Structures are given as structure tokens and as C-alpha cells.
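Participant: Next comes structure-v3.pdb, PDB, C-alpha atoms:
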ATOM      1  CA  MET N 208      -6.482 -15.194 -13.442
ATOM      2  CA  SER N 209      -3.054 -14.400 -14.872
ATOM      3  CA  ASN N 210      -1.812 -11.320 -16.599
ATOM      4  CA  THR N 211       1.414 -11.166 -18.589
ATOM      5  CA  TYR N 212       1.441  -7.361 -18.839
ATOM      6  CA  GLN N 213       4.828  -6.011 -17.715
ATOM      7  CA  LEU N 214       5.052  -2.803 -15.704
ATOM      8  CA  SER N 215       7.377  -0.086 -16.952
ATOM      9  CA  GLU N 216       9.972   1.376 -14.587
ATOM     10  CA  SER N 217       7.887   4.477 -13.849
ATOM     11  CA  SER N 218       4.594   2.603 -13.503
ATOM     12  CA  LEU N 219       6.262   0.080 -11.171
ATOM     13  CA  THR N 220       7.154   2.911  -8.778
ATOM     14  CA  THR N 221       3.531   4.098  -8.793
ATOM     15  CA  TYR N 222       2.241   0.550  -8.395
ATOM     16  CA  ILE N 223       4.422  -0.167  -5.347
ATOM     17  CA  SER N 224       3.400   3.143  -3.751
ATOM     18  CA  GLN N 225      -0.308   2.388  -4.207
ATOM     19  CA  LEU N 226       0.155  -1.244  -3.176
ATOM     20  CA  SER N 227       1.973  -0.406   0.066
ATOM     21  CA  LYS N 228      -0.790   2.040   0.978
ATOM     22  CA  ILE N 229      -3.744  -0.292   0.343
ATOM     23  CA  ILE N 230      -2.131  -3.352   1.972
ATOM     24  CA  THR N 231      -1.070  -1.410   5.070
ATOM     25  CA  GLN N 232      -4.223   0.648   5.547
ATOM     26  CA  ASP N 233      -7.054  -1.442   4.118
ATOM     27  CA  PHE N 234      -5.907  -5.005   4.773
ATOM     28  CA  LEU N 235      -3.644  -4.792   7.824
ATOM     29  CA  ASN N 236      -5.726  -1.866   9.132
ATOM     30  CA  ILE N 237      -2.606   0.020  10.230
ATOM     31  CA  THR N 238      -3.838   3.591  10.017
ATOM     32  CA  GLU N 239      -2.584   6.348  12.232
ATOM     33  CA  GLN N 240      -3.157  10.077  12.101
ATOM     34  CA  PRO N 241      -1.206  11.562  13.762
ATOM     35  CA  ILE N 242       1.721   9.193  14.438
ATOM     36  CA  SER N 243       1.734   7.823  17.988
ATOM     37  CA  SER N 244       4.684   8.041  20.375
ATOM     38  CA  HIS N 245       5.468   4.386  19.568
ATOM     39  CA  GLY N 246       5.380   5.175  15.856
ATOM     40  CA  LEU N 247       7.751   8.104  16.325
ATOM     41  CA  GLU N 248      10.077   5.851  18.314
ATOM     42  CA  ILE N 249      10.234   3.392  15.423
ATOM     43  CA  LEU N 250      10.864   6.185  12.903
ATOM     44  CA  SER N 251      13.689   7.414  15.140
ATOM     45  CA  LYS N 252      15.269   3.942  15.133
ATOM     46  CA  LEU N 253      15.012   3.669  11.346
ATOM     47  CA  GLU N 254      16.684   7.059  10.984
ATOM     48  CA  ARG N 255      19.465   6.073  13.405
ATOM     49  CA  TYR N 256      20.154   2.803  11.577
ATOM     50  CA  TYR N 257      20.308   4.620   8.253
ATOM     51  CA  LYS N 258      22.918   7.016   9.647
ATOM     52  CA  GLU N 259      24.931   4.396  11.540
ATOM     53  CA  GLU N 260      25.270   2.174   8.474
ATOM     54  CA  GLY N 261      26.641   5.112   6.475
ATOM     55  CA  CYS N 262      23.987   4.844   3.759
ATOM     56  CA  ASP N 263      24.785   7.209   0.918
ATOM     57  CA  PRO N 264      23.079   7.443  -2.511
ATOM     58  CA  ASN N 265      26.435   8.475  -3.988
ATOM     59  CA  ASN N 266      27.739   4.963  -3.247
ATOM     60  CA  ASN N 267      24.837   3.041  -4.743
ATOM     61  CA  ASP N 268      27.011   1.459  -7.419
ATOM     62  CA  SER N 269      29.761   0.313  -5.050
ATOM     63  CA  PRO N 270      29.920  -2.923  -3.011
ATOM     64  CA  GLU N 271      30.274  -0.838   0.166
ATOM     65  CA  GLY N 272      27.145   1.121  -0.683
ATOM     66  CA  LEU N 273      25.093  -2.031  -1.285
ATOM     67  CA  LYS N 274      26.350  -3.511   1.983
ATOM     68  CA  SER N 275      25.290  -0.394   3.902
ATOM     69  CA  GLU N 276      21.795  -0.459   2.448
ATOM     70  CA  LYS N 277      21.380  -4.185   3.116
ATOM     71  CA  GLN N 278      22.487  -3.754   6.728
ATOM     72  CA  PHE N 279      20.029  -0.889   7.150
ATOM     73  CA  ILE N 280      17.194  -3.090   5.911
ATOM     74  CA  LEU N 281      18.249  -6.104   8.013
ATOM     75  CA  ARG N 282      18.382  -4.018  11.193
ATOM     76  CA  SER N 283      15.039  -2.365  10.437
ATOM     77  CA  LEU N 284      12.916  -5.379   9.507
ATOM     78  CA  PRO N 285      12.429  -6.691  13.087
ATOM     79  CA  TYR N 286      10.781  -3.385  14.006
ATOM     80  CA  ILE N 287       8.609  -3.521  10.909
ATOM     81  CA  SER N 288       7.543  -7.040  11.884
ATOM     82  CA  SER N 289       6.682  -5.807  15.381
ATOM     83  CA  VAL N 290       4.388  -3.163  13.880
ATOM     84  CA  ILE N 291       2.551  -5.833  11.886
ATOM     85  CA  GLN N 292       2.182  -8.085  14.938
ATOM     86  CA  LEU N 293       1.080  -5.341  17.337
ATOM     87  CA  ARG N 294      -1.208  -3.345  15.069
ATOM     88  CA  SER N 295      -3.036  -5.999  13.047
ATOM     89  CA  THR N 296      -5.347  -8.884  13.932
ATOM     90  CA  ILE N 297      -4.843 -12.475  12.823
ATOM     91  CA  GLN N 298      -7.706 -12.045  10.350
ATOM     92  CA  SER N 299      -6.298  -8.858   8.816
ATOM     93  CA  PHE N 300      -2.815 -10.429   8.642
ATOM     94  CA  ASN N 301      -4.229 -13.453   6.818
ATOM     95  CA  ASP N 302      -6.179 -11.171   4.457
ATOM     96  CA  ALA N 303      -2.987  -9.262   3.617
ATOM     97  CA  MET N 304      -1.012 -12.482   3.130
ATOM     98  CA  LYS N 305      -3.695 -13.743   0.732
ATOM     99  CA  GLN N 306      -3.217 -10.639  -1.406
ATOM    100  CA  ILE N 307       0.563 -11.120  -1.424
ATOM    101  CA  GLU N 308       0.037 -14.718  -2.527
ATOM    102  CA  LYS N 309      -2.085 -13.597  -5.474
ATOM    103  CA  ILE N 310       0.073 -10.653  -6.586
ATOM    104  CA  TYR N 311       3.398 -12.478  -6.379
ATOM    105  CA  ASP N 312       2.149 -15.961  -7.350
ATOM    106  CA  LEU N 313       3.376 -17.430  -4.049
ATOM    107  CA  GLU N 314       0.884 -20.186  -3.338
ATOM    108  CA  ASP N 315       1.950 -22.391  -0.393
ATOM    109  CA  LYS N 316       4.994 -20.191   0.292
ATOM    110  CA  PRO N 317       4.123 -18.438   3.574
ATOM    111  CA  PHE N 318       7.710 -17.514   4.450
ATOM    112  CA  ASP N 319       8.212 -15.719   1.123
ATOM    113  CA  GLN N 320       4.813 -14.056   1.531
ATOM    114  CA  ALA N 321       5.780 -12.783   5.002
ATOM    115  CA  ILE N 322       9.051 -11.297   3.724
ATOM    116  CA  ILE N 323       7.268  -9.476   0.901
ATOM    117  CA  LEU N 324       4.627  -8.209   3.341
ATOM    118  CA  SER N 325       7.361  -6.829   5.622
ATOM    119  CA  TYR N 326       8.965  -5.044   2.665
ATOM    120  CA  ILE N 327       5.604  -3.524   1.735
ATOM    121  CA  VAL N 328       4.970  -2.238   5.270
ATOM    122  CA  PHE N 329       8.585  -0.991   5.414
ATOM    123  CA  SER N 330       7.985   0.960   2.207
ATOM    124  CA  ALA N 331       4.772   2.429   3.613
ATOM    125  CA  GLY N 332       6.462   3.305   6.910
ATOM    126  CA  ILE N 333       9.370   5.156   5.334
ATOM    127  CA  ASN N 334       6.971   7.014   3.056
ATOM    128  CA  ARG N 335       4.878   7.931   6.104
ATOM    129  CA  GLY N 336       8.005   9.211   7.842
ATOM    130  CA  CYS N 337       8.892  11.260   4.775
ATOM    131  CA  GLN N 338       5.452  12.894   4.912
ATOM    132  CA  HIS N 339       5.718  13.481   8.675
ATOM    133  CA  PHE N 340       9.057  15.309   8.418
ATOM    134  CA  LEU N 341       8.071  17.323   5.358
ATOM    135  CA  GLY N 342       8.933  20.942   6.125
ATOM    136  CA  ASP N 343      11.118  20.018   9.122
ATOM    137  CA  LEU N 344      14.226  22.146   8.609
ATOM    138  CA  SER N 345      15.879  21.195  11.896
ATOM    139  CA  SER N 346      19.347  19.650  11.769
ATOM    140  CA  SER N 347      19.690  16.053  10.621
ATOM    141  CA  ASN N 348      22.233  15.630  13.473
ATOM    142  CA  TYR N 349      24.933  13.681  11.677
ATOM    143  CA  ASP N 350      27.719  15.083  13.892
ATOM    144  CA  ASN N 351      27.249  12.624  16.760
ATOM    145  CA  VAL N 352      26.501   9.491  14.751
ATOM    146  CA  LYS N 353      28.188   6.353  16.063
ATOM    147  CA  LEU N 354      28.990   4.424  12.913
ATOM    148  CA  ALA N 355      28.447   0.687  12.701
ATOM    149  CA  GLU N 356      31.475  -1.537  12.260
ATOM    150  CA  GLY N 357      32.867  -1.152   8.751
ATOM    151  CA  ALA N 358      30.680   1.868   7.907
ATOM    152  CA  LYS N 359      32.241   5.040   6.509
ATOM    153  CA  LYS N 360      31.491   8.594   7.575
ATOM    154  CA  ARG N 361      29.601  10.609   4.977
ATOM    155  CA  GLU N 362      31.245  13.714   3.600
ATOM    156  CA  ASN N 363      28.104  15.631   2.639
ATOM    157  CA  PRO N 364      25.097  14.273   4.542
ATOM    158  CA  PRO N 365      21.668  15.874   4.079
ATOM    159  CA  PRO N 366      21.506  19.004   6.274
ATOM    160  CA  THR N 367      17.892  18.822   7.477
ATOM    161  CA  LYS N 368      15.389  16.257   8.714
ATOM    162  CA  GLU N 369      13.244  16.873   5.651
ATOM    163  CA  ALA N 370      16.154  16.282   3.272
ATOM    164  CA  LEU N 371      17.248  13.180   5.187
ATOM    165  CA  TRP N 372      13.834  11.526   5.065
ATOM    166  CA  LYS N 373      13.349  12.374   1.412
ATOM    167  CA  GLU N 374      16.678  10.681   0.731
ATOM    168  CA  MET N 375      15.764   7.659   2.887
ATOM    169  CA  ASN N 376      12.463   7.307   1.060
ATOM    170  CA  SER N 377      14.071   7.565  -2.363
ATOM    171  CA  GLN N 378      16.791   5.097  -1.424
ATOM    172  CA  LEU N 379      14.470   2.496   0.035
ATOM    173  CA  GLN N 380      11.966   2.642  -2.819
ATOM    174  CA  SER N 381      14.829   2.196  -5.281
ATOM    175  CA  ILE N 382      16.234  -0.781  -3.346
ATOM    176  CA  LEU N 383      12.906  -2.516  -2.821
ATOM    177  CA  LYS N 384      11.693  -1.997  -6.365
ATOM    178  CA  GLY N 385      13.252  -5.257  -7.505
ATOM    179  CA  GLN N 386      11.919  -7.158  -4.483
ATOM    180  CA  LEU N 387       8.380  -5.827  -4.877
ATOM    181  CA  LYS N 388       7.961  -6.253  -8.618
ATOM    182  CA  PRO N 389       4.857  -8.445  -9.030
ATOM    183  CA  SER N 390       4.992 -11.774 -10.797
ATOM    184  CA  SER N 391       4.095 -11.719 -14.484
ATOM    185  CA  ASN N 392       1.525 -14.410 -13.643
ATOM    186  CA  GLY N 393       0.285 -12.643 -10.542
ATOM    187  CA  GLU N 394      -3.031 -10.862 -10.062
ATOM    188  CA  LYS N 395      -1.784  -7.278  -9.893
ATOM    189  CA  GLY N 396      -5.233  -5.783  -9.441
ATOM    190  CA  SER N 397      -6.322  -8.164  -6.681
ATOM    191  CA  PRO N 398      -6.210  -5.810  -3.627
ATOM    192  CA  TRP N 399      -8.278  -3.109  -5.314
ATOM    193  CA  TYR N 400     -10.682  -5.655  -6.797
ATOM    194  CA  THR N 401     -11.169  -7.224  -3.374
ATOM    195  CA  LEU N 402     -11.746  -3.852  -1.722
ATOM    196  CA  SER N 403     -14.160  -2.811  -4.460
ATOM    197  CA  ARG N 404     -16.067  -6.038  -3.919
ATOM    198  CA  ARG N 405     -16.250  -5.340  -0.179
ATOM    199  CA  HIS N 406     -17.897  -1.975  -0.798
ATOM    200  CA  ALA N 407     -20.327  -3.514  -3.304
ATOM    201  CA  ARG N 408     -21.353  -6.174  -0.791
ATOM    202  CA  LYS N 409     -21.655  -3.562   1.952
ATOM    203  CA  ILE N 410     -24.338  -1.774  -0.047
ATOM    204  CA  SER N 411     -26.061  -5.075  -0.855
ATOM    205  CA  ASP N 412     -26.062  -5.978   2.856
ATOM    206  CA  MET N 413     -27.391  -2.553   3.834
ATOM    207  CA  PHE N 414     -30.197  -2.817   1.301
ATOM    208  CA  GLY N 415     -31.157  -6.278   2.519
ATOM    209  CA  GLU N 416     -31.224  -5.315   6.194
ATOM    210  CA  ILE N 417     -33.472  -2.254   6.196
ATOM    211  CA  ASN N 418     -36.314  -0.739   4.236
ATOM    212  CA  ASN N 419     -35.281   1.420   1.284
ATOM    213  CA  GLN N 420     -36.866   4.559   2.722
ATOM    214  CA  TYR N 421     -34.532   4.438   5.747
ATOM    215  CA  LEU N 422     -31.289   3.957   3.821
ATOM    216  CA  ASN N 423     -28.446   6.321   4.665
ATOM    217  CA  GLU N 424     -27.966   8.037   1.319
ATOM    218  CA  GLU N 425     -24.589   9.563   2.196
ATOM    219  CA  GLU N 426     -23.228   6.201   3.342
ATOM    220  CA  ILE N 427     -24.475   4.516   0.171
ATOM    221  CA  LYS N 428     -22.871   7.214  -1.961
ATOM    222  CA  ASN N 429     -19.540   6.849  -0.126
ATOM    223  CA  HIS N 430     -19.497   3.075  -0.562
ATOM    224  CA  ALA N 431     -20.472   3.377  -4.235
ATOM    225  CA  LYS N 432     -17.730   5.954  -4.797
ATOM    226  CA  ALA N 433     -15.112   3.762  -3.070
ATOM    227  CA  MET N 434     -16.326   0.728  -5.018
ATOM    228  CA  LEU N 435     -15.931   2.592  -8.319
ATOM    229  CA  GLU N 436     -12.530   4.099  -7.506
ATOM    230  CA  ASN N 437     -11.036   0.781  -6.430
ATOM    231  CA  LEU N 438     -12.453  -1.125  -9.389
ATOM    232  CA  LYS N 439     -10.972   1.460 -11.761
ATOM    233  CA  ILE N 440      -7.533   1.048 -10.167
ATOM    234  CA  ALA N 441      -7.848  -2.751 -10.301
ATOM    235  CA  ILE N 442      -8.625  -2.553 -14.028
ATOM    236  CA  GLN N 443      -5.788  -0.069 -14.547
ATOM    237  CA  TRP N 444      -3.268  -2.619 -13.241
ATOM    238  CA  ASP N 445      -4.999  -5.698 -14.618
ATOM    239  CA  SER N 446      -7.495  -5.269 -17.454
ATOM    240  CA  GLN N 447      -8.906  -8.760 -16.829
ATOM    241  CA  CYS N 448     -10.469  -7.467 -13.612
ATOM    242  CA  GLN N 449     -13.236  -5.836 -15.645
ATOM    243  CA  GLU N 450     -14.254  -9.111 -17.279
ATOM    244  CA  LYS N 451     -14.051 -10.818 -13.894
ATOM    245  CA  ALA N 452     -16.288  -8.158 -12.298
ATOM    246  CA  VAL N 453     -18.930  -8.502 -15.011
ATOM    247  CA  LYS N 454     -19.200 -12.235 -14.228
ATOM    248  CA  ASP N 455     -18.951 -11.849 -10.446
ATOM    249  CA  LYS N 456     -22.240 -12.626  -8.653
ATOM    250  CA  ALA N 457     -21.484 -10.104  -5.909
ATOM    251  CA  PHE N 458     -21.164  -7.316  -8.466
ATOM    252  CA  ASP N 459     -24.205  -8.592 -10.346
ATOM    253  CA  THR N 460     -26.358  -8.330  -7.204
ATOM    254  CA  PHE N 461     -24.902  -4.904  -6.478
ATOM    255  CA  ARG N 462     -25.612  -3.733 -10.027
ATOM    256  CA  GLY N 463     -29.281  -4.652  -9.699
ATOM    257  CA  ILE N 464     -29.572  -2.786  -6.401
ATOM    258  CA  ILE N 465     -27.666   0.333  -7.424
ATOM    259  CA  SER N 466     -29.691   0.718 -10.621
ATOM    260  CA  ASN N 467     -32.949   0.898  -8.641
ATOM    261  CA  ILE N 468     -31.909   3.050  -5.676
ATOM    262  CA  GLN N 469     -33.710   6.390  -5.812
ATOM    263  CA  ILE N 470     -31.333   9.099  -4.593
ATOM    264  CA  LYS N 471     -31.699  12.666  -5.858
ATOM    265  CA  ASP N 472     -28.027  13.548  -5.833
ATOM    266  CA  GLU N 473     -26.076  14.614  -8.912
ATOM    267  CA  GLU N 474     -22.778  13.151  -7.713
ATOM    268  CA  PHE N 475     -24.378   9.804  -6.862
ATOM    269  CA  ASN N 476     -26.088   9.591 -10.238
ATOM    270  CA  GLU N 477     -22.765  10.246 -11.992
ATOM    271  CA  ILE N 478     -21.126   7.537  -9.881
ATOM    272  CA  ARG N 479     -23.953   5.130 -10.724
ATOM    273  CA  LYS N 480     -23.618   5.928 -14.435
ATOM    274  CA  ASN N 481     -19.875   5.154 -14.356
ATOM    275  CA  ILE N 482     -20.460   1.946 -12.418
ATOM    276  CA  MET N 483     -23.035   0.732 -14.928
ATOM    277  CA  GLU N 484     -20.660   1.512 -17.782
ATOM    278  CA  LEU N 485     -17.926  -0.586 -16.149
ATOM    279  CA  LEU N 486     -20.166  -3.505 -15.193
ATOM    280  CA  GLY N 487     -22.524  -3.290 -18.156
ATOM    281  CA  ASN N 488     -26.276  -2.770 -18.141
ATOM    282  CA  LYS N 489     -28.504  -5.805 -17.932
TER
END
Show me, as C-alpha cells, the structure contained in the file I just sent.
Facilitator:
Amino acid sequence: MSNTYQLSESSLTTYISQLSKIITQDFLNITEQPISSHGLEILSKLERYYKEEGCDPNNNDSPEGLKSEKQFILRSLPYISSVIQLRSTIQSFNDAMKQIEKIYDLEDKPFDQAIILSYIVFSAGINRGCQHFLGDLSSSNYDNVKLAEGAKKRENPPPTKEALWKEMNSQLQSILKGQLKPSSNGEKGSPWYTLSRRHARKISDMFGEINNQYLNEEEIKNHAKAMLENLKIAIQWDSQCQEKAVKDKAFDTFRGIISNIQIKDEEFNEIRKNIMELLGNK
């Protein structure tokens, strides 16, 4: 399935933010609340590299500024790769790589897929750090920074941790935007479609395993809600996902089950109504 729809500048930013979250959390299964000591150690290294390379948004248009940002990314990527290796299984890594292949039209290009995946996790990690340091008004500690060779000392660095991480997040998202722009022939809605399909099959499996009267209504409602939300996002980024879902046997089986489940819950019935509207009544 290809889609030639081009993302606008503002929608691309939103797309990358949503993509980094779903790939990291739902495919690589890297979820952490709160951040572990190892996670904080990595964030500390990323912050130190950013300072040591003299990264400065005021120099974005200069060769020196671009060099600083590139060096920051090059020094950081090995730690991002270590997070992927340590926190994900082979199966979840392969699942994530499959999504990268579809989104960026990178069939039989595993090296390119791995680079893109690292960028996506990097984006998610910096965003997570930005959230973690939100409200932290302690000093950004630029006074004792040991600059890397060729780096220049900043004149007006951000004064607080919060301001520093907001700047780092803004800088990185701006830099990676070009690298993470999906292919015009790629399946932009694939991760959300795949996740929606998982939730649909989960309900189908639950219904096939036990008698209807013993079904966990709250669990069914949660899966149905997640199925609907993810399918809506998939269609938002790639309208062809709706046509694909209507023809998908997994969704067809799910539709038959969900239409006959008897749950006296107003929220569930509204969810079911919206699902039937998306998939069509048969």
C-alpha cells in the first residue's frame, strides 16, 4: 500500500513525535516510569555531550553550528543503541524494524532501517528527558564545561535544567526532522494499524477461549478503545488504512464479535458504534 500524501511542516513534527512514542513504547517495549538510575545516567551523558560540543541554536545557520550538532548526535548514538539492545528483545526489535521498513520504504536495507530506528529512539529519549526535567529550575551548570576540541564557549547558555532540556529537545527534533520524514511511498499509518489489529485479535482470542458469560468486560472495553484510537490515528496519517481494515479478515472477525457482545456500558456502546462506522456494518 503506497500513499503519496505529503506531510506539511507542522504535521511532520506531530507525526515524528507520535511515531517515536509508539515505536519505542509499543514495539520495542521500552517503557519506564519513573526513569531508572541507568536511564538518568544516559540522560546525563547526552546533556554533557550537548554542552561539550558547544551546541547553540543561535548558530544553526553556520557551518560551526551544524558541526556541533552532528558531533553531539554522533557521540550520543552509541548510548541510544545500547538502550535498544539492553531493553528490547530480538522479537520486539524485529517488529520495530519491520515498521521502519514499511514507513520509509526500506525493503532489504537493514543498515538504513537500524539508523532510522536509532534516530527515532533518540528523539523519544530526548523528549522523555525534557519531560523529566520540566520544572527543574536548578542551574544548568555551564561554568565547568570542558569543551570538545574545536567547540566554542557559549555566551548566553540556558540558565536552568528545564530551559536546557527544552532547548535540546527543540534542537534535536529540528535536526532529525529531515532524517525522519517518511517516504512518499511508505505506509505512514502502519504502526498504528498494526497495533489496532493486535487489540482486535486480542478480543477475538479472548472470545474464543472462554464462555461469553465469563468475559472480562473492562478488559474488552480497554482493548476495543485502544483498537479504535489506533485505527483512527492510522487513518489520519494514511487514509488507505480504512479501506485496508474493511477488507482485513482479522478486523472482519472482530467486527462480528464486537457487534454481538452484550455489555451494558454506555462508553463501550459508544466505542462499538464508532468502530462499526469505521469498519462498516455487515
Participant: Have a look at N:Ile307, N:Ala431, N:Ala441, N:Leu293 and name the one nearest to Lys480 of chain N; count all atoms listed in the file.
Facilitator: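 For Lys480 of chain N, the nearest of the given residues is N:Ala431.
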Participant: Exactly which residues make up the result of the PyMOL selection byres ((chain N and resi 367) around 7) on this file, given as number ranges by chain?
Facilitator: N: 344-347, 365-366, 368-371
Participant: Rounded to one decimal, what separation in Å do you get between atom CA of Leu324 of chain N and atom CA of Asn266 of chain N?
Facilitator: 27.4 Å
Participant: Could you pull the residues within 7 Å of Phe340 of chain N, counting all atoms listed in the file, minus those fewer than 2 positions along the same chain, as a ChimeraX atom specification?
Facilitator: /N:336-338,342-343,368-369,372
Participant: Starting from the PyMOL selection byres ((chain N and resi 302) around 12), expand the selection into actual residues of this file and give them as a list in words.
Facilitator: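 The output of the PyMOL selection byres ((chain N and resi 302) around 12) on this file is Ile229, Ile230, Thr231, Asp233, Phe234, Leu235, Asn236, Ser295, Thr296, Ile297, Gln298, Ser299, Phe300, Asn301, Ala303, Met304, Lys305, Gln306, Ile307, Glu308, Lys309, Gln320, Leu324, Ser397, Pro398, Thr401 and Leu402 of chain N.
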Participant: So, with all atoms listed in the file as the atoms that count, which of N:Tyr326, N:Lys384, N:Ile478, N:Asp268 lies closest to Ile291 of chain N?
Facilitator: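 Closest residue, counting all atoms listed in the file: N:Tyr326.
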Participant: Find, counting only C-alpha atoms, the residue in N:Glu426, N:Pro241, N:Arg361, N:Gly332 that gets nearest to Ser227 of chain N.
Facilitator: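 Selected residue with least distance to Ser227 of chain N: N:Gly332.
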Participant: Any chance you could resolve the PyMOL selection byres ((chain N and resi 457) around 10) against this file and give the residues as number ranges by chain?
Facilitator: N: 404-405, 407-408, 411, 452-456, 458-462
Participant: Could you write out the selected residues, including C-alpha atoms, as an mmCIF file, in the coordinates of the input?
Facilitator:
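Once written, selection01.cif looks like this:
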data_model
loop_
_atom_site.group_PDB
_atom_site.id
_atom_site.type_symbol
_atom_site.label_atom_id
_atom_site.label_comp_id
_atom_site.auth_asym_id
_atom_site.auth_seq_id
_atom_site.Cartn_x
_atom_site.Cartn_y
_atom_site.Cartn_z
ATOM 1 C CA ARG N 404 -16.067 -6.038 -3.919
ATOM 2 C CA ARG N 405 -16.250 -5.340 -0.179
ATOM 3 C CA ALA N 407 -20.327 -3.514 -3.304
ATOM 4 C CA ARG N 408 -21.353 -6.174 -0.791
ATOM 5 C CA SER N 411 -26.061 -5.075 -0.855
ATOM 6 C CA ALA N 452 -16.288 -8.158 -12.298
ATOM 7 C CA VAL N 453 -18.930 -8.502 -15.011
ATOM 8 C CA LYS N 454 -19.200 -12.235 -14.228
ATOM 9 C CA ASP N 455 -18.951 -11.849 -10.446
ATOM 10 C CA LYS N 456 -22.240 -12.626 -8.653
ATOM 11 C CA PHE N 458 -21.164 -7.316 -8.466
ATOM 12 C CA ASP N 459 -24.205 -8.592 -10.346
ATOM 13 C CA THR N 460 -26.358 -8.330 -7.204
ATOM 14 C CA PHE N 461 -24.902 -4.904 -6.478
ATOM 15 C CA ARG N 462 -25.612 -3.733 -10.027
#
Participant: Please list as an NGL selection string every residue within 8 Å of segment 251-263 of chain N, counting only C-alpha atoms and excluding residues in the same chain fewer than 3 positions away.
Facilitator: :N and (247-248 or 266-267 or 272 or 275-276 or 278-279 or 282-283 or 349 or 352-355 or 358-361 or 364 or 372 or 375)
Participant: Enter the distance from atom CA of Tyr311 of chain N to atom CA of Leu387 of chain N, in Å, rounded to one decimal.
Facilitator: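 A separation of 8.4 Å between them.
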Participant: Between N:Pro264, N:Asn351, N:Ser325, N:Ile237, which one has atoms that come closest to Ile382 of chain N, using all atoms listed in the file?
Facilitator: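 Of N:Pro264, N:Asn351, N:Ser325, N:Ile237, the one nearest Ile382 of chain N is N:Pro264, counting all atoms listed in the file.
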Participant: Please return the centre and edge lengths, in Å to one decimal, of a box with edges along x, y and z that contains all listed atoms of segment 441-460 of chain N, widened by 6 Å on every side, as JSON.
Facilitator:
{"center_x": -14.8, "center_y": -6.3, "center_z": -11.7, "size_x": 35.1, "size_y": 24.6, "size_z": 23.5}
Participant: Using all atoms listed in the file, which of the listed residues (N:Ile468, N:Gly396, N:Leu485, N:Ser403) sits closest to Ser446 of chain N?
Facilitator: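 Smallest separation from Ser446 of chain N among the options: N:Gly396.
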Participant: Just how far from atom CA of Ser224 of chain N is atom CA of Ile249 of chain N, in Å to one decimal?
Facilitator: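 These two atoms are separated by 20.4 Å.
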Participant: In terms of the shortest atom-to-atom distance over all atoms listed in the file, which of N:Ser269, N:Gln443, N:Thr238, N:Ser466 is closest to Val290 of chain N?
Facilitator: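 Among N:Ser269, N:Gln443, N:Thr238, N:Ser466, it is N:Thr238 that comes nearest to Val290 of chain N.
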